[in-house]
Amino acid sequence: MEYVTAVPHPRSEAGEPARSGRRSLAVALLSGALGAAVALLSSRQRWAEGTATVAGGAFPLTAKGSDVTGVPAALAIVGLAALVAVFAVRRAGRLLVSALLALSGAGIAAAALLGASDGSALDEKAAAASGDTSATVDALTHTGWPYVAAAGGALLLVAGLLALRYGGLWPAMSGRYERGTGGQRPRRAPKPVDPDRPEDIWKALDRGEDPTGA
């Protein structure tokens, strides 16, 4: 008769955190890198367009995301740097960097959604084109790029939340040397001096040692 036990296998339980760490790491890296790239790309696209009335008639105007707000592009760079820095720190430092990564994503999404209906950048261009400081843009329309930038911020936010939850299971950069060596390689012990070999005697004298062993 086959023996059946209700005790779970410890190997499978021990391997589950490692698998969760690998999966979360892959998703966080992909989400963070893609989110930063999307936010940067979106900030260079046209977010709004309209017309300004000048002496010669209607003058078309357009505003890029960077004209409307510089927050998404700036926070995308901060988020990308935080994504890399997650692997350079440990414990409390990793939690702080992970929180910065999540806040960067949330800030990008908020700024992009606020800029989706903002016409102040085009109003400034209309005033400059017409020479009238009180001039405003006509026939104002917006594109879908602000929402694409918000989606990029959401991806960075996901990466930050994964880092906060599973960052303790992720690997970290190791130092070049162990602390016990004081940052230097251990010196090799000199070879014993053979009194029958003159070159060994001269090498010992160069090192300031007594070749006679006295």
# chains A, B, ... in the order shown; residues from 1 in each chain; ligands from 1
call {"tool": "select_by_dssp", "arguments": {"residues": "region 30-102 of chain A", "states": "helix (DSSP H, G or I)", "output": "VMD selection string"}}
result
chain A and resid 30 to 43 65 to 68 71 to 85 91 to 102
call {"tool": "select_by_dssp", "arguments": {"residues": "region 41-141 of chain A", "states": "strand (DSSP E)", "output": "ChimeraX atom specification"}}
result
/A:46-54,57-64,138-141
call {"tool": "closest_residue", "arguments": {"among": "A:Pro146, A:Arg94, A:Ala121, A:Gly32", "to": "Pro72 (chain A)", "atoms": "only C-alpha atoms"}}
result
A:Pro146
call {"tool": "atom_distance", "arguments": {"atom1": "CA of Ala139 (chain A)", "atom2": "CA of Thr51 (chain A)"}}
result
6.2 Å
call {"tool": "residues_around", "arguments": {"residues": "Thr141 (chain A)", "least_positions_apart": "2", "cutoff": "7 Å", "atoms": "only C-alpha atoms", "output": "JSON, numbers by chain"}}
result
{"A": [48, 49, 50, 139, 143]}
call {"tool": "residues_around", "arguments": {"residues": "Ser120 (chain A)", "least_positions_apart": "2", "cutoff": "10 Å", "atoms": "only C-alpha atoms", "output": "number ranges by chain"}}
result
A: 63, 67-68, 115, 117-118, 122-126, 136-137
call {"tool": "atom_distance", "arguments": {"atom1": "CA of Val27 (chain A)", "atom2": "CA of Ala112 (chain A)"}}
result
23.4 Å
call {"tool": "residues_around", "arguments": {"residues": "Ala36 (chain A)", "least_positions_apart": "3", "cutoff": "6 Å", "atoms": "only C-alpha atoms", "output": "JSON, numbers by chain"}}
result
{"A": [33, 39, 76]}
call {"tool": "write_last_selection", "arguments": {"atoms": "all heavy atoms", "output": "mmCIF file, in the first residue's frame"}}
result
data_model
loop_
_atom_site.group_PDB
_atom_site.id
_atom_site.type_symbol
_atom_site.label_atom_id
_atom_site.label_comp_id
_atom_site.auth_asym_id
_atom_site.auth_seq_id
_atom_site.Cartn_x
_atom_site.Cartn_y
_atom_site.Cartn_z
ATOM 1 N N ALA A 33 10.597 50.370 -17.524
ATOM 2 C CA ALA A 33 11.287 50.856 -18.720
ATOM 3 C C ALA A 33 10.294 51.310 -19.786
ATOM 4 O O ALA A 33 10.473 52.367 -20.413
ATOM 5 C CB ALA A 33 12.197 49.757 -19.267
ATOM 6 N N ALA A 39 6.202 57.809 -21.521
ATOM 7 C CA ALA A 39 6.012 59.169 -21.002
ATOM 8 C C ALA A 39 6.911 60.171 -21.710
ATOM 9 O O ALA A 39 6.484 61.279 -22.054
ATOM 10 C CB ALA A 39 6.270 59.181 -19.504
ATOM 11 N N ALA A 76 9.659 61.121 -15.645
ATOM 12 C CA ALA A 76 10.043 59.890 -16.343
ATOM 13 C C ALA A 76 11.530 59.605 -16.159
ATOM 14 O O ALA A 76 11.936 58.453 -15.954
ATOM 15 C CB ALA A 76 9.704 60.002 -17.827
#
call {"tool": "residues_around", "arguments": {"residues": "Leu162 (chain A)", "least_positions_apart": "6", "cutoff": "10 Å", "atoms": "only C-alpha atoms", "output": "tab-separated table (two decimals) with C-alpha atoms, in the first residue's frame"}}
result
chain	number	residue	atom	x	y	z
A	21	GLY	CA	10.61	37.35	-6.91
A	24	SER	CA	7.76	40.40	-10.10
A	25	LEU	CA	11.27	41.50	-11.10
A	27	VAL	CA	7.27	42.59	-14.72
A	28	ALA	CA	8.67	45.59	-12.83
A	29	LEU	CA	11.62	46.01	-15.19
A	31	SER	CA	6.72	48.07	-16.85
A	98	SER	CA	10.74	52.07	-4.56
A	102	ALA	CA	5.83	54.76	-7.46
A	156	LEU	CA	5.82	53.26	-13.65
call {"tool": "closest_residue", "arguments": {"among": "A:Ala82, A:Ala129, A:Ala99, A:Ala154", "to": "Leu61 (chain A)", "atoms": "only C-alpha atoms"}}
result
A:Ala129
call {"tool": "atom_distance", "arguments": {"atom1": "CA of Tyr147 (chain A)", "atom2": "CA of Leu30 (chain A)"}}
result
19.7 Å
